[in-house]
Each structure stands twice: as C-alpha cells, then as structure tokens.
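Let me begin by presenting the structure, written as structure tokens, before commenting on it.
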Amino acid sequence: MIRKYTYGNPIETDAVVEKKETQTGSLPYFSVEKTETVKFSYIMDPADVVYGLGENVRGINKRGWLYESRNADEPNHREDRHSLYASHNFLLIDGKDHFGVFIDYPGILTFDIGYTKLNELVITPREADLDVYIIEGESKLDIVKQFRQMIGRSYIAPKWAFGYQQSRWSYMDEEEIRDIAKQHRDRKIPLDAIYLDIDYMERYKDFTVNQETFPNFAEFVKEMKDQNIHLVPIIDAGVKVEAGYQTYEEGVANNYFCKNVKGEDFVAGVWPGDVHFPDFLNPDARKWFGHSYQFLLDQGIEGFWNDMNEPATFYTRERIDEMMEDASNREWDLDYFLDFKDKVSVIANNPEDYKKMFHNMNGERISHEKVHNLFGYNMTRAAGEAFEELCPDKRILMFSRSSYTGMHRYGGIWTGDNLSWWQHILLNIKMMPSLNMMGILYTGADMGGFGADATEDLVMRWMEFALVVPLMRNHSALDTRRQEVFRFENVDAFRKLVELRYGLIPYLYSEYMKAVLYNDMYFKPLSFVYTEDPFVSQVEDQLMVGESLMIAPVYTQNAAGRYVYLPEEMMMLRMRGLHDYECRKMEKGHHYVEADLDQVLLFLRPDHLLVLGEAAQSVAQLNTEEFKVIGFVREKAEYVLYDDDGYGKDYENCSNYTTITVDKTGTWKTEGGKELNLQIELYDTTGKRI
Ligand code: GLC
C-alpha cells in the first residue's frame with residue numbers, strides 16, 4: 001500500500017508514473033516539525049536497518065552518516081563525502097517497523113541517519129514543497145516492488161551491452177581504436193564495445209566528429225560493427241559557445257539555453273571552454289536536444305553515455321573575474337594566500353553559481369537551485385524520448401552520470417569517477433543493490449578504477465566482481481597507467497575470466513530482464529532473500545545475483561581468500577573460467593575460502609539451476625540454444641530462462657520464456673519458449689556428482 005502526503009507546492013518531477021491521491025491525515029511513522037522548512041524525524045531501534053539512497057557513499061545499511069541529495073561532480077568517492085552524482089530519495093526501514101519512504105523533491109535534501117543522534121533519522125528538505133510517499137508491504141522486496149511499480153518500468157539495454165566493453169579517456173583517433181579492437185581480437189579476448197570519450201569530437205562540441213582524426217566516421221563505425229564491436233560516443237551536457245556551430249546557433253536562436261540573472265544565456269566553463277547548458281526542463285529544448293542525437297544514429301551509432309550533467313561547472317567567468325580583481329587589490333601575505341587557495345578550491349561546481357542559473361519550466365522562470373537534481377535526469381530523458389520517436393523498434397544503449405528517480409526509465413547509470421583503489425571495489429559491491437532498489441538495473445562502476453594507477457591484481461579482482469555486473473566496462477582516465485587487460489602479463493587469466501562472463505550471459509541477461517519486467521532486483525542484499533536469518537543484515541560484501549547465485553568477491557590487496565557467510569547449504573563454484581572450476585558443497589555458516597588471484601567465488605543455491613553457455617567473441621555470436629545446466633538438486637529444480645533477440649522490444653512474447661526442469665536423477669525437460677539442447681551437470685545433497 002502506498003500513501004502520498006503533500007507539503008506546500010511541490011514542483012512536478014515526473015518521478016512517479018502511477019499517480020496517487022494526496023492523503024489528508026498525518027504522516028505515519030514520522031514526527032513532523034515545521035521549522036523555516038519542515039523536518040521529518042523517526043526514532044530507530046538499535047537493530048533497525050536502513051536501506052536505500054541508491055548512488056551514495058558508505059554501506060548497504062545507511063545508518064551512521066549524514067547524506068545529502070545534491071548531485072555533484074564528485075571525483076572523490078570518500079567516506080567523508082555526503083553525496084555523489086545522483087539523488088535517489090528512497091529509504092527502506094526494516095526493524096520494529098517495515099516501510100519505505102520516498103521523498104519526491106528536486107532540491108537539496110539531507111538524510112541524517114544516526115549522524116547527529118545515533119537513534120534518530122531526520123529528513124530535511126531545503127524548502128517545504130514536496131511529496132512524501134509511505135510504502136508498506138509484506139516484505140522488503142514487496143516494498144521495493146511497489147515503489148518500482150509506482151515509478152515505472154526500468155530502461156532496457158540491448159543485449160550486446162552485456163558484453164565486455166573497453167573505454168579510456170584519450171583514445172584519440174581511428175588508428176588507436178582499431179588497434180584496441182585488434183589487440184582484443186588477436187588474443188581472443190571477447191569484446192562488444194569500445195567507447196569514444198570527448199576526443200572524438202571537434203573541439204569537444206556535442207554532435208560533431210573530428211574530421212582529421214575520424215575522417216570517415218560512418219565507414220569506421222561500420223568497420224567496427226562488422227567485427228561486432230559497437231562504438232559508444234560520449235555526449236556532454238554543455239554546448240560550446242562558438243559562432244557558426246550548429247547546436248550552439250540553434251540553441252541561442254530558439255532560447256533553449258538556461259539563463260543568467262539578467263536573462264542572457266548562462267555561461268560556465270567545461271571541457272570545451274565556455275558553454276551554455278540546454279534547458280532540459282523545458283520540453284521544447286528537451287525535444288530539440290534529444291533529436292540532435294540523430295546525427296550520430298545516422299552514422300550507425302547504437303549507444304551513448306551522457307556526462308557532466310550534474311551539471312559540472314569548472315568555472316564561471318564572474319567568479320574568476322571577482323577573484324582576480326580581489327587578488328590584484330590585496331597585499332599577498334600568508335593569510336591572504338590561504339584565503340586565495342580556499343577561493344580557488346571552490347571555483348568548480350560552486351552552489352552559489354547554480355543560484356544564478358534559471359530554467360523555463362512551462363513558461364515559469366525557476367532558479368536552478370530549486371531543481372538542481374533534475375538536470376542529468378532530463379538530459380537522459382531528452383535522449384530517451386527522442387529515441388522512442390527516431391528508432392521506436394530498437395533499443396539504444398544509454399547511461400548517464402547524474403540522475404534522479406524517474407531517469408531509470410530512460411537509461412542506466414555508471415557510478416562516475418572512482419579510483420583504482422581496493423576500497424572502491426567494495427564500494428562498487430555495496431552500491432549495486434541500493435541502485436537496484438531505485439530501478440537502476442543497467443549499471444556498473446568503472447572497472448579497474450578511473451583515476452589513479454591500476455595494478456594487474458586490482459584489475460583482475462575487480463573483474464571477478466564486474467563479471468556479474470550488467471555494465472562491465474573497463475574505463476580509465478587520461479594520464480593514468482593503461483589498464484586494458486591485454487597490457488598485463490597474465491592475459492590468459494583475463495581471457496578466461498572474460499570468457500566466463502560470456503558463458504554467464506544467458507543467466508545474467510535472463511535475470512536482468514526478469515528483474516526489469518517484474519520490478520525485481522537483480523542484485524539483492526542477502527537479507528532480502530534470507531529474511532529469517534538474523535545475521536545476514538550484517539553481510540555487506542556478498543550479494544545475491546539473480547535467483548540462483550550468490551557472489552563473494554575478493555576485494556583486498558594480496559588476499560588469498562576471504563571469509564564467506566553461507567545462509568544455507570550451497571554449492572561453491574570456484575571458477576577460473578568456463579571449463580576450469582571446482583564444485584564443492586558447503587554447509588550453512590561461516591567459512592574461510594581460498595581463492596587464487598584468478599579465481600571467482602560463486603555459490604549456487606540448493607534446488608536452483610545455473611545456465612551456462614559457451615563463450616564467444618561477442619554477444620551476437622553466442623549460441624542461444626545449447627547450454628550446460630549446473631544443478632544442486634534435492635528433489636527438483638526449475639528455472640525460467642528468459643531470452644529474446646536482444647535488440648527489439650517484444651518483451652512480453654511468451655516464446656521468450658523457457659522453463660527448464662531438472663529432477664534429482666538428472667532427467668530434464670523444457671516447456672514453452674525454445675527447444676534447447678542441454679547438458680546437465682548435477683550434484684546431489686551430499687555434493688556428489690550424479
Ligand atoms: C568525466 C567522466 C569520465 C570521462 C571524463 C572525460 O570525468 O566522468 O568518465 O572520461 O569526464 O570526458
């Protein structure tokens with residue numbers, strides 16, 4: 001059951017698609033205090049667990065920190081931060097009470113979850129204009145499902161986007177990209193996409209291609225596609241200020257850019273130098289920007305990533321001018337030097353600058369500050385809405401850096417500029433189920449880390465988790481050590497891991513699609529499945545992956561294994577590759593499990609099945625009819641395998657669903673869907689191979 005409570009005059013965010021009537025009674029669970037804004041407080045029991053907040057720092061259980069919804073270009077994903085690139089204002093409280101709360105509010109909002117007082121949860125919006133939804137249900141998953149139903153079906157990525165993807169900021173030209181493709185293909189490392197970061201553009205101008213470095217772009221896109229490699233260009237939020245540049249001229253002529261205090265086009269600095277920001281909150285501007293992607297679609301592009309859309313600002317002219325003028329009038333002593341240093345450190349992404357930017361929302365002038373968290377969402381929505389018109393029958397890969405609830409209908413996200421740090425593998429693990437709660441299912445982190453220098457062992461351990469993550473993309477920053485896997489010594493181990501990913505795709509894609517279609521979570525904390533086990537809410541470094549598997553990634557430097565908690569007896573699959581693994585039955589409880597640097601620890605649940613395919617060099621070449629099925633069966637196990645053509649949108653077709661049943665003698669059958677050719681690898685309850 002969902003109840004909606006309205007305070008003041010909320011701005012429509014379009015987060016919710018199944019509209020609810022506003023209740024007249026008082027808000028349950030919370031005490032509401034009218035301050036200069038409004039404050040919602042809830043008293044927590046010591047054992048209460050608080051889930052949610054999607055993309056943010058810290059754990060799966062959010063207790064013990066102050067979080068802020070303020071989309072930020074934040075490359076320091078450290079524990080002392082309060083927000084990252086997104087605002088996902090949903091919490092699920094599990095303890096003496098069980099409910100979800102969604103705060104639909106596009107401005108700045110804080111969640112003090114046991115920060116000021118250990119036992120108090122306090123939610124404070126900047127202004128008292130918002131909708132609060134209280135969601136009650138039979139279980140944690142049921143609450144999430146109802147929330148997801150209300151906010152609408154999640155975006156569906158094309159199947160090729162489940163393949164391995166290689167990216168780096170600094171692939172400069174055709175030759176370099178050709179070489180990246182060749183290095184993978186020559187070594188038989190499967191690959192489905194190579195990313196084009198800002199350098200493919202002409203002077204970082206959206207919807208342009210540098211003619212010197214990519215002279216025959218459409219032909220080049222085709223050349224790569226003939227090898228089953230998709231090129232995925234970046235699109236940045238800022239449009240370069242440059243006379244004669246079409247997107248700039250169109251935006252100016254039609255008043256499609258955000259304005260400054262004087263009503264002129266707002267100027268900030270990003271990669272291209274001075275830019276204007278398209279007013280994505282203005283439906284006409286959104287339509288115009290979205291249709292601009294056609295320039296690249298026409299050249300054969302089938303996927304994009306939207307960046308710098310918090311929006312990131314490196315500077316504004318006014319701030320620099322003020323600072324320089326002040327500096328030229330001052331005596332330089334230590335105090336002033338320190339003061340100057342502080343001023344320089346807040347030139348970028350300064351909240352004061354956002355106050356000077358304005359939107360035109362259906363004719364009304366609105367300060368950006370009030371709707372800050374909607375910007376990236378609406379950039380991606382611009383593209384998503386346009387794709388529906390430009391290529392309605394085809395899925396286009398799309399993911400964004402910044403987001404707000406609602407954007408999950410138009411694209412996925414990647415989790416931004418992490419670092420090649422071991423602790424960021426753990427952060428990646430913890431963020432995934434929180435994002436799934438928000439309907440963000442096509443997601444992943446920069447595998448291997450974006451900033452800082454990666455090492456071979458870190459990339460390998462990270463890959464061992466990433467190989468179950470929908471968006472498996474190796475991405476790194478300019479001037480960091482190169483981390484494409486072919487550059488390392490142990491290429492064979494990397495190849496076997498990527499092959500394992502391709503073997504897992506039938507299962508991973510099936511679980512992803514079912515999670516989208518049934519508002520389910522692809523990654524779940526253990527506590528969402530083993531609801532009666534009092535220990536599992538403490539387990540934050542193991543995840544359920546779909547209905548059959550649990551993963552326990554090794555994420556510590558030099559570790560030769562790890563402690564694992566098994567909430568029931570399970571079959572451990574210690575895997576080096578698709579054909580190189582060991583199965584061992586393990587009892588419920590705590591275990592120390594060894595895992596060599598190139599070994600992945602997966603655990604199969606009893607009476608569940610794992611469908612494994614053969615590897616291929618790309619998703620398009622996967623065999624979709626012959627599988628090995630690993631089962632750990634007491635009586636009978638059943639698995640519904642979802643598959644479709646991977647490009648079109650015929651999701652509901654019943655031929656997409658094949659039910660596989662295996663009993664304890666190894667007898668199997670399939671029903672519905674497709675005829676499959678299965679090889680069964682069965683283990684009995686003692687762990688013996690049948
Ligand atoms: C931002 C993005 C990063 C990209 C870089 C250059 O930092 O988050 O992924 O590589 O900009 O475009």
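Residues in the structure tokens are named by chain (A, B, ... in the order shown) and by number from 1 within that chain; ligands are numbered from 1 in the order shown.
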Item to check | Within 12 Å of Ile180 (chain A) using only C-alpha atoms, minus same-chain residues under 4 positions, as a count of residues only | outcome: 30
Checklist entry - Leaving out Glu18 (chain A) and any residue of its chain fewer than 2 positions from it, which residues lie within 10 Å of it when counting only C-alpha atoms, given as a PyMOL selection string? => result chain A and resi 15-16+20+147-152
Closest contacts (chain A/ligand 1, max 9 Å, only C-alpha atoms and all ligand atoms) as JSON lines:
{"residue": "A:Asp73", "atom": "CA", "partner": "ligand 1", "partner_atom_place_in_ligand_line": "8 (O)", "distance": 8.1}
{"residue": "A:Pro75", "atom": "CA", "partner": "ligand 1", "partner_atom_place_in_ligand_line": "7 (O)", "distance": 7.5}
{"residue": "A:Ser167", "atom": "CA", "partner": "ligand 1", "partner_atom_place_in_ligand_line": "10 (O)", "distance": 8.4}
{"residue": "A:Arg168", "atom": "CA", "partner": "ligand 1", "partner_atom_place_in_ligand_line": "10 (O)", "distance": 6.6}
{"residue": "A:Trp169", "atom": "CA", "partner": "ligand 1", "partner_atom_place_in_ligand_line": "10 (O)", "distance": 4.6}
{"residue": "A:Ser170", "atom": "CA", "partner": "ligand 1", "partner_atom_place_in_ligand_line": "10 (O)", "distance": 8.2}
{"residue": "A:Asp197", "atom": "CA", "partner": "ligand 1", "partner_atom_place_in_ligand_line": "12 (O)", "distance": 5.3}
{"residue": "A:Ile198", "atom": "CA", "partner": "ligand 1", "partner_atom_place_in_ligand_line": "12 (O)", "distance": 5.0}
{"residue": "A:Asp199", "atom": "CA", "partner": "ligand 1", "partner_atom_place_in_ligand_line": "12 (O)", "distance": 8.0}
{"residue": "A:Ile234", "atom": "CA", "partner": "ligand 1", "partner_atom_place_in_ligand_line": "12 (O)", "distance": 7.3}
{"residue": "A:Ile235", "atom": "CA", "partner": "ligand 1", "partner_atom_place_in_ligand_line": "12 (O)", "distance": 8.8}
{"residue": "A:Asp236", "atom": "CA", "partner": "ligand 1", "partner_atom_place_in_ligand_line": "12 (O)", "distance": 7.8}
{"residue": "A:Trp271", "atom": "CA", "partner": "ligand 1", "partner_atom_place_in_ligand_line": "12 (O)", "distance": 7.8}
{"residue": "A:Asp307", "atom": "CA", "partner": "ligand 1", "partner_atom_place_in_ligand_line": "2 (C)", "distance": 6.1}
{"residue": "A:Met308", "atom": "CA", "partner": "ligand 1", "partner_atom_place_in_ligand_line": "1 (C)", "distance": 6.4}
{"residue": "A:Arg401", "atom": "CA", "partner": "ligand 1", "partner_atom_place_in_ligand_line": "8 (O)", "distance": 6.9}
{"residue": "A:Trp414", "atom": "CA", "partner": "ligand 1", "partner_atom_place_in_ligand_line": "9 (O)", "distance": 8.7}
{"residue": "A:Thr415", "atom": "CA", "partner": "ligand 1", "partner_atom_place_in_ligand_line": "8 (O)", "distance": 8.5}
{"residue": "A:Gly416", "atom": "CA", "partner": "ligand 1", "partner_atom_place_in_ligand_line": "8 (O)", "distance": 4.9}
{"residue": "A:Asp417", "atom": "CA", "partner": "ligand 1", "partner_atom_place_in_ligand_line": "8 (O)", "distance": 5.0}
{"residue": "A:Asn418", "atom": "CA", "partner": "ligand 1", "partner_atom_place_in_ligand_line": "8 (O)", "distance": 8.7}
{"residue": "A:Asp446", "atom": "CA", "partner": "ligand 1", "partner_atom_place_in_ligand_line": "9 (O)", "distance": 8.0}
{"residue": "A:Phe450", "atom": "CA", "partner": "ligand 1", "partner_atom_place_in_ligand_line": "9 (O)", "distance": 7.2}
{"residue": "A:His475", "atom": "CA", "partner": "ligand 1", "partner_atom_place_in_ligand_line": "9 (O)", "distance": 7.3}
{"residue": "A:Ser476", "atom": "CA", "partner": "ligand 1", "partner_atom_place_in_ligand_line": "10 (O)", "distance": 6.8}
{"residue": "A:Ala477", "atom": "CA", "partner": "ligand 1", "partner_atom_place_in_ligand_line": "10 (O)", "distance": 5.7}
{"residue": "A:Leu478", "atom": "CA", "partner": "ligand 1", "partner_atom_place_in_ligand_line": "10 (O)", "distance": 7.6}
Item to check | strand (DSSP E) residues, from DSSP on the backbone, in region 403-433 of chain A, as a PyMOL selection string | outcome: chain A and resi 403-404+412-414
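Going from CA of Glu569 (chain A) to CA of Phe528 (chain A) covers 17.3 Å.
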Item to check | Surrounding residues of Gly114 (chain A) excluding itself and chain neighbours under 2 positions, 12 Å, only C-alpha atoms, as number ranges by chain | outcome: A: 41-46, 48-50, 61-67, 111-112, 116-123
Item to check | Spatial neighbours of Gly273 (chain A), max dist 9 Å, only C-alpha atoms, sep filter under 2 positions, as a list in words | outcome: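 My list of contacting residues is Tyr204, Lys240, Val241, Ala268, Gly269, Val270, Trp271 and Val275 of chain A.
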Grab the residues selected above and save them as a CSV table (one decimal), in the first residue's frame with all heavy atoms.
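Resulting contents of again.csv:
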chain,number,residue,atom,x,y,z
A,204,TYR,N,35.5,19.4,-28.7
A,204,TYR,CA,34.6,19.0,-27.6
A,204,TYR,C,33.2,19.5,-27.8
A,204,TYR,O,32.4,19.8,-26.9
A,204,TYR,CB,35.1,19.4,-26.2
A,204,TYR,CG,36.5,18.9,-25.9
A,204,TYR,CD1,37.4,19.8,-25.3
A,204,TYR,CD2,36.9,17.7,-26.3
A,204,TYR,CE1,38.7,19.4,-25.0
A,204,TYR,CE2,38.2,17.2,-26.0
A,204,TYR,CZ,39.1,18.1,-25.4
A,204,TYR,OH,40.4,17.7,-25.1
A,240,LYS,N,29.2,24.0,-26.5
A,240,LYS,CA,30.3,25.1,-26.7
A,240,LYS,C,29.8,26.3,-27.3
A,240,LYS,O,29.0,26.3,-28.2
A,240,LYS,CB,31.4,24.5,-27.6
A,240,LYS,CG,32.6,25.4,-27.7
A,240,LYS,CD,33.7,24.7,-28.5
A,240,LYS,CE,34.9,25.6,-28.8
A,240,LYS,NZ,35.6,26.2,-27.6
A,241,VAL,N,30.2,27.4,-26.7
A,241,VAL,CA,29.9,28.8,-27.3
A,241,VAL,C,30.8,29.0,-28.4
A,241,VAL,O,32.0,29.2,-28.2
A,241,VAL,CB,30.0,29.9,-26.2
A,241,VAL,CG1,29.8,31.2,-26.8
A,241,VAL,CG2,29.1,29.6,-25.0
A,268,ALA,N,29.2,28.9,-18.4
A,268,ALA,CA,30.1,28.3,-17.5
A,268,ALA,C,31.2,27.6,-18.3
A,268,ALA,O,31.1,27.5,-19.5
A,268,ALA,CB,29.3,27.2,-16.6
A,269,GLY,N,32.2,27.2,-17.6
A,269,GLY,CA,33.3,26.5,-18.3
A,269,GLY,C,33.3,25.0,-18.1
A,269,GLY,O,33.2,24.6,-16.9
A,270,VAL,N,33.4,24.3,-19.1
A,270,VAL,CA,33.6,22.8,-19.0
A,270,VAL,C,34.6,22.4,-20.0
A,270,VAL,O,35.4,23.3,-20.5
A,270,VAL,CB,32.2,22.0,-19.2
A,270,VAL,CG1,32.4,20.6,-18.5
A,270,VAL,CG2,31.1,22.7,-18.4
A,271,TRP,N,34.7,21.2,-20.5
A,271,TRP,CA,35.8,20.8,-21.4
A,271,TRP,C,35.9,21.7,-22.6
A,271,TRP,O,37.1,22.0,-23.0
A,271,TRP,CB,35.6,19.3,-21.9
A,271,TRP,CG,35.6,18.3,-20.8
A,271,TRP,CD1,34.6,17.4,-20.6
A,271,TRP,CD2,36.5,18.0,-19.8
A,271,TRP,NE1,34.8,16.6,-19.5
A,271,TRP,CE2,36.0,17.0,-19.0
A,271,TRP,CE3,37.8,18.6,-19.4
A,271,TRP,CZ2,36.7,16.4,-17.9
A,271,TRP,CZ3,38.5,18.1,-18.4
A,271,TRP,CH2,38.0,17.0,-17.6
A,275,VAL,N,30.6,27.3,-22.2
A,275,VAL,CA,29.5,26.5,-22.7
A,275,VAL,C,28.2,27.2,-22.2
A,275,VAL,O,28.1,27.9,-21.2
A,275,VAL,CB,29.4,25.1,-22.2
A,275,VAL,CG1,30.7,24.3,-22.7
A,275,VAL,CG2,29.2,24.9,-20.7
Checklist entry - Which parts of region 114-214 of chain A does DSSP call alpha helix (DSSP H) when run on the backbone here, written out as a ChimeraX atom specification? => result /A:140-151,174-186
Limited to N, CA, C and O atoms, could you put the picked residues into a file as a tab-separated table (two decimals), in the first residue's frame?
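Generated output (again-v8.tsv):
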chain	number	residue	atom	x	y	z
A	140	LYS	N	10.54	-6.79	2.46
A	140	LYS	CA	11.38	-5.71	1.92
A	140	LYS	C	11.23	-5.67	0.40
A	140	LYS	O	11.06	-4.62	-0.20
A	141	LEU	N	11.27	-6.86	-0.19
A	141	LEU	CA	11.20	-6.91	-1.65
A	141	LEU	C	9.84	-6.41	-2.15
A	141	LEU	O	9.76	-5.70	-3.15
A	142	ASP	N	8.82	-6.75	-1.42
A	142	ASP	CA	7.48	-6.29	-1.80
A	142	ASP	C	7.40	-4.76	-1.76
A	142	ASP	O	6.81	-4.13	-2.64
A	143	ILE	N	8.01	-4.16	-0.75
A	143	ILE	CA	8.00	-2.69	-0.65
A	143	ILE	C	8.74	-2.09	-1.86
A	143	ILE	O	8.27	-1.16	-2.51
A	144	VAL	N	9.89	-2.69	-2.16
A	144	VAL	CA	10.66	-2.20	-3.32
A	144	VAL	C	9.83	-2.36	-4.60
A	144	VAL	O	9.77	-1.45	-5.44
A	145	LYS	N	9.19	-3.49	-4.74
A	145	LYS	CA	8.42	-3.74	-5.96
A	145	LYS	C	7.29	-2.73	-6.12
A	145	LYS	O	7.04	-2.25	-7.23
A	146	GLN	N	6.62	-2.42	-5.03
A	146	GLN	CA	5.54	-1.43	-5.12
A	146	GLN	C	6.08	-0.05	-5.50
A	146	GLN	O	5.49	0.66	-6.30
A	147	PHE	N	7.22	0.29	-4.90
A	147	PHE	CA	7.85	1.58	-5.23
A	147	PHE	C	8.20	1.61	-6.72
A	147	PHE	O	7.92	2.58	-7.44
A	148	ARG	N	8.79	0.52	-7.17
A	148	ARG	CA	9.22	0.44	-8.57
A	148	ARG	C	8.03	0.50	-9.52
A	148	ARG	O	8.08	1.14	-10.58
A	149	GLN	N	6.98	-0.17	-9.14
A	149	GLN	CA	5.76	-0.14	-9.96
A	149	GLN	C	5.28	1.31	-10.10
A	149	GLN	O	4.88	1.76	-11.16
A	150	MET	N	5.37	2.05	-9.00
A	150	MET	CA	4.88	3.44	-9.00
A	150	MET	C	5.76	4.34	-9.87
A	150	MET	O	5.26	5.28	-10.49
A	151	ILE	N	7.06	4.07	-9.92
A	151	ILE	CA	7.95	4.96	-10.69
A	151	ILE	C	8.17	4.49	-12.13
A	151	ILE	O	8.83	5.17	-12.90
A	174	GLU	N	41.01	6.99	-35.09
A	174	GLU	CA	40.62	5.69	-35.67
A	174	GLU	C	41.70	4.65	-35.46
A	174	GLU	O	41.41	3.52	-35.08
A	175	GLU	N	42.94	5.05	-35.73
A	175	GLU	CA	44.04	4.09	-35.66
A	175	GLU	C	44.14	3.48	-34.27
A	175	GLU	O	44.30	2.27	-34.11
A	176	GLU	N	44.02	4.32	-33.28
A	176	GLU	CA	44.17	3.84	-31.91
A	176	GLU	C	43.02	2.88	-31.56
A	176	GLU	O	43.23	1.84	-30.93
A	177	ILE	N	41.84	3.21	-32.01
A	177	ILE	CA	40.69	2.37	-31.68
A	177	ILE	C	40.76	1.05	-32.44
A	177	ILE	O	40.48	-0.02	-31.89
A	178	ARG	N	41.19	1.14	-33.70
A	178	ARG	CA	41.39	-0.08	-34.49
A	178	ARG	C	42.36	-1.01	-33.76
A	178	ARG	O	42.17	-2.21	-33.69
A	179	ASP	N	43.39	-0.40	-33.22
A	179	ASP	CA	44.40	-1.20	-32.53
A	179	ASP	C	43.83	-1.84	-31.25
A	179	ASP	O	44.11	-3.01	-30.97
A	180	ILE	N	43.02	-1.08	-30.51
A	180	ILE	CA	42.42	-1.65	-29.29
A	180	ILE	C	41.56	-2.86	-29.67
A	180	ILE	O	41.61	-3.92	-29.03
A	181	ALA	N	40.80	-2.72	-30.74
A	181	ALA	CA	39.96	-3.83	-31.20
A	181	ALA	C	40.85	-5.03	-31.56
A	181	ALA	O	40.60	-6.16	-31.15
A	182	LYS	N	41.88	-4.75	-32.31
A	182	LYS	CA	42.76	-5.82	-32.80
A	182	LYS	C	43.46	-6.55	-31.64
A	182	LYS	O	43.56	-7.78	-31.63
A	183	GLN	N	43.92	-5.76	-30.66
A	183	GLN	CA	44.61	-6.39	-29.52
A	183	GLN	C	43.69	-7.38	-28.81
A	183	GLN	O	44.13	-8.44	-28.37
A	184	HIS	N	42.42	-7.04	-28.71
A	184	HIS	CA	41.47	-7.97	-28.09
A	184	HIS	C	41.21	-9.16	-29.00
A	184	HIS	O	41.31	-10.31	-28.57
A	185	ARG	N	40.90	-8.87	-30.25
A	185	ARG	CA	40.56	-9.97	-31.17
A	185	ARG	C	41.75	-10.91	-31.36
A	185	ARG	O	41.57	-12.14	-31.37
A	186	ASP	N	42.97	-10.35	-31.51
A	186	ASP	CA	44.15	-11.21	-31.72
A	186	ASP	C	44.36	-12.17	-30.55
A	186	ASP	O	44.80	-13.29	-30.72
Next on the checklist: Taking 3 positions as the minimum chain separation for residues in the same chain, which residues sit within 9 Å of region 652-665 of chain A when counting only C-alpha atoms? Answer as a PyMOL selection string.
Outcome noted: chain A and resi 517+609+631-645+649+668-676+680+682-684+690
Checklist outcome for this item: CA of Gly384 (chain A) sits from CA of Gly290 (chain A) at a separation of 7.4 Å
Next on the checklist: Taking only C-alpha atoms into account, name the residue in A:Lys588, A:Asn623, A:Asn216, A:Asp206 that is nearest to Glu242 (chain A).
Outcome noted: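 Nearest candidate to Glu242 (chain A) out of A:Lys588, A:Asn623, A:Asn216, A:Asp206: A:Asp206.
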Checklist entry - With only C-alpha atoms as the atoms that count, which of A:Leu500, A:Ile429, A:Val221, A:Met407 lies nearest to Val539 (chain A)? => result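 Counting only C-alpha atoms, the residue closest to Val539 (chain A) is A:Ile429.
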Item to check | Separation of CA of Gly411 (chain A) from CA of Asn436 (chain A) in Å | outcome: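 Here the two named atoms are 13.0 Å from each other.
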Checklist entry - Got a sec: who's within 10 Å of Val346 (chain A), counting only C-alpha atoms, leaving out chain neighbours fewer than 5 positions off, as JSON, numbers by chain? => result {"A": [314, 315, 319, 341, 351, 352]}
What does the file look like for those residues with N, CA, C and O atoms, as a JSON list (two decimals), in the first residue's frame?
[["chain", "number", "residue", "atom", "x", "y", "z"],
["A", 314, "PHE", "N", 33.31, 23.94, -14.33],
["A", 314, "PHE", "CA", 34.70, 24.12, -13.87],
["A", 314, "PHE", "C", 34.90, 25.54, -13.34],
["A", 314, "PHE", "O", 35.69, 25.77, -12.47],
["A", 315, "TYR", "N", 34.16, 26.47, -13.95],
["A", 315, "TYR", "CA", 34.26, 27.87, -13.52],
["A", 315, "TYR", "C", 33.08, 28.64, -14.07],
["A", 315, "TYR", "O", 32.38, 28.15, -14.98],
["A", 319, "ARG", "N", 32.92, 34.48, -11.36],
["A", 319, "ARG", "CA", 33.66, 34.07, -10.16],
["A", 319, "ARG", "C", 35.16, 34.30, -10.35],
["A", 319, "ARG", "O", 35.85, 34.80, -9.46],
["A", 341, "LYS", "N", 43.71, 30.42, -1.76],
["A", 341, "LYS", "CA", 43.71, 28.98, -2.05],
["A", 341, "LYS", "C", 42.30, 28.41, -1.84],
["A", 341, "LYS", "O", 41.80, 27.62, -2.65],
["A", 351, "PRO", "N", 27.93, 25.97, -5.54],
["A", 351, "PRO", "CA", 26.47, 26.06, -5.40],
["A", 351, "PRO", "C", 25.94, 27.48, -5.60],
["A", 351, "PRO", "O", 24.82, 27.67, -6.06],
["A", 352, "GLU", "N", 26.76, 28.47, -5.27],
["A", 352, "GLU", "CA", 26.32, 29.87, -5.46],
["A", 352, "GLU", "C", 26.09, 30.16, -6.94],
["A", 352, "GLU", "O", 25.23, 30.97, -7.29]]
Checklist entry - Using only C-alpha atoms, which residues sit within 9 Å of Ile135 (chain A) once same-chain residues fewer than 6 positions away are excluded, as a ChimeraX atom specification? => result /A:1-4,92,98-102,143-144,146-147
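Using only C-alpha atoms for every distance, the candidate list A:Glu568, A:Glu202, A:Glu310, A:Glu302 yields A:Glu568 as the residue closest to Met586 (chain A).
With only C-alpha atoms as the atoms that count, the minimum distance from Gly376 (chain A) to the choices A:Thr667, A:Asn71, A:Thr455, A:Asn519 is reached by A:Asn71.
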Checklist entry - Pick from A:Tyr581, A:Tyr377, A:Trp462, A:Phe214: nearest to Asn306 (chain A), with only C-alpha atoms counted? => result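 Closest residue, counting only C-alpha atoms: A:Tyr377.
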Next on the checklist: Counting only C-alpha atoms, which residue out of A:Arg501, A:His276, A:Arg126, A:Lys585 sits closest to Gly613 (chain A)?
Outcome noted: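 Between A:Arg501, A:His276, A:Arg126, A:Lys585, the residue approaching Gly613 (chain A) most closely is A:Arg501.
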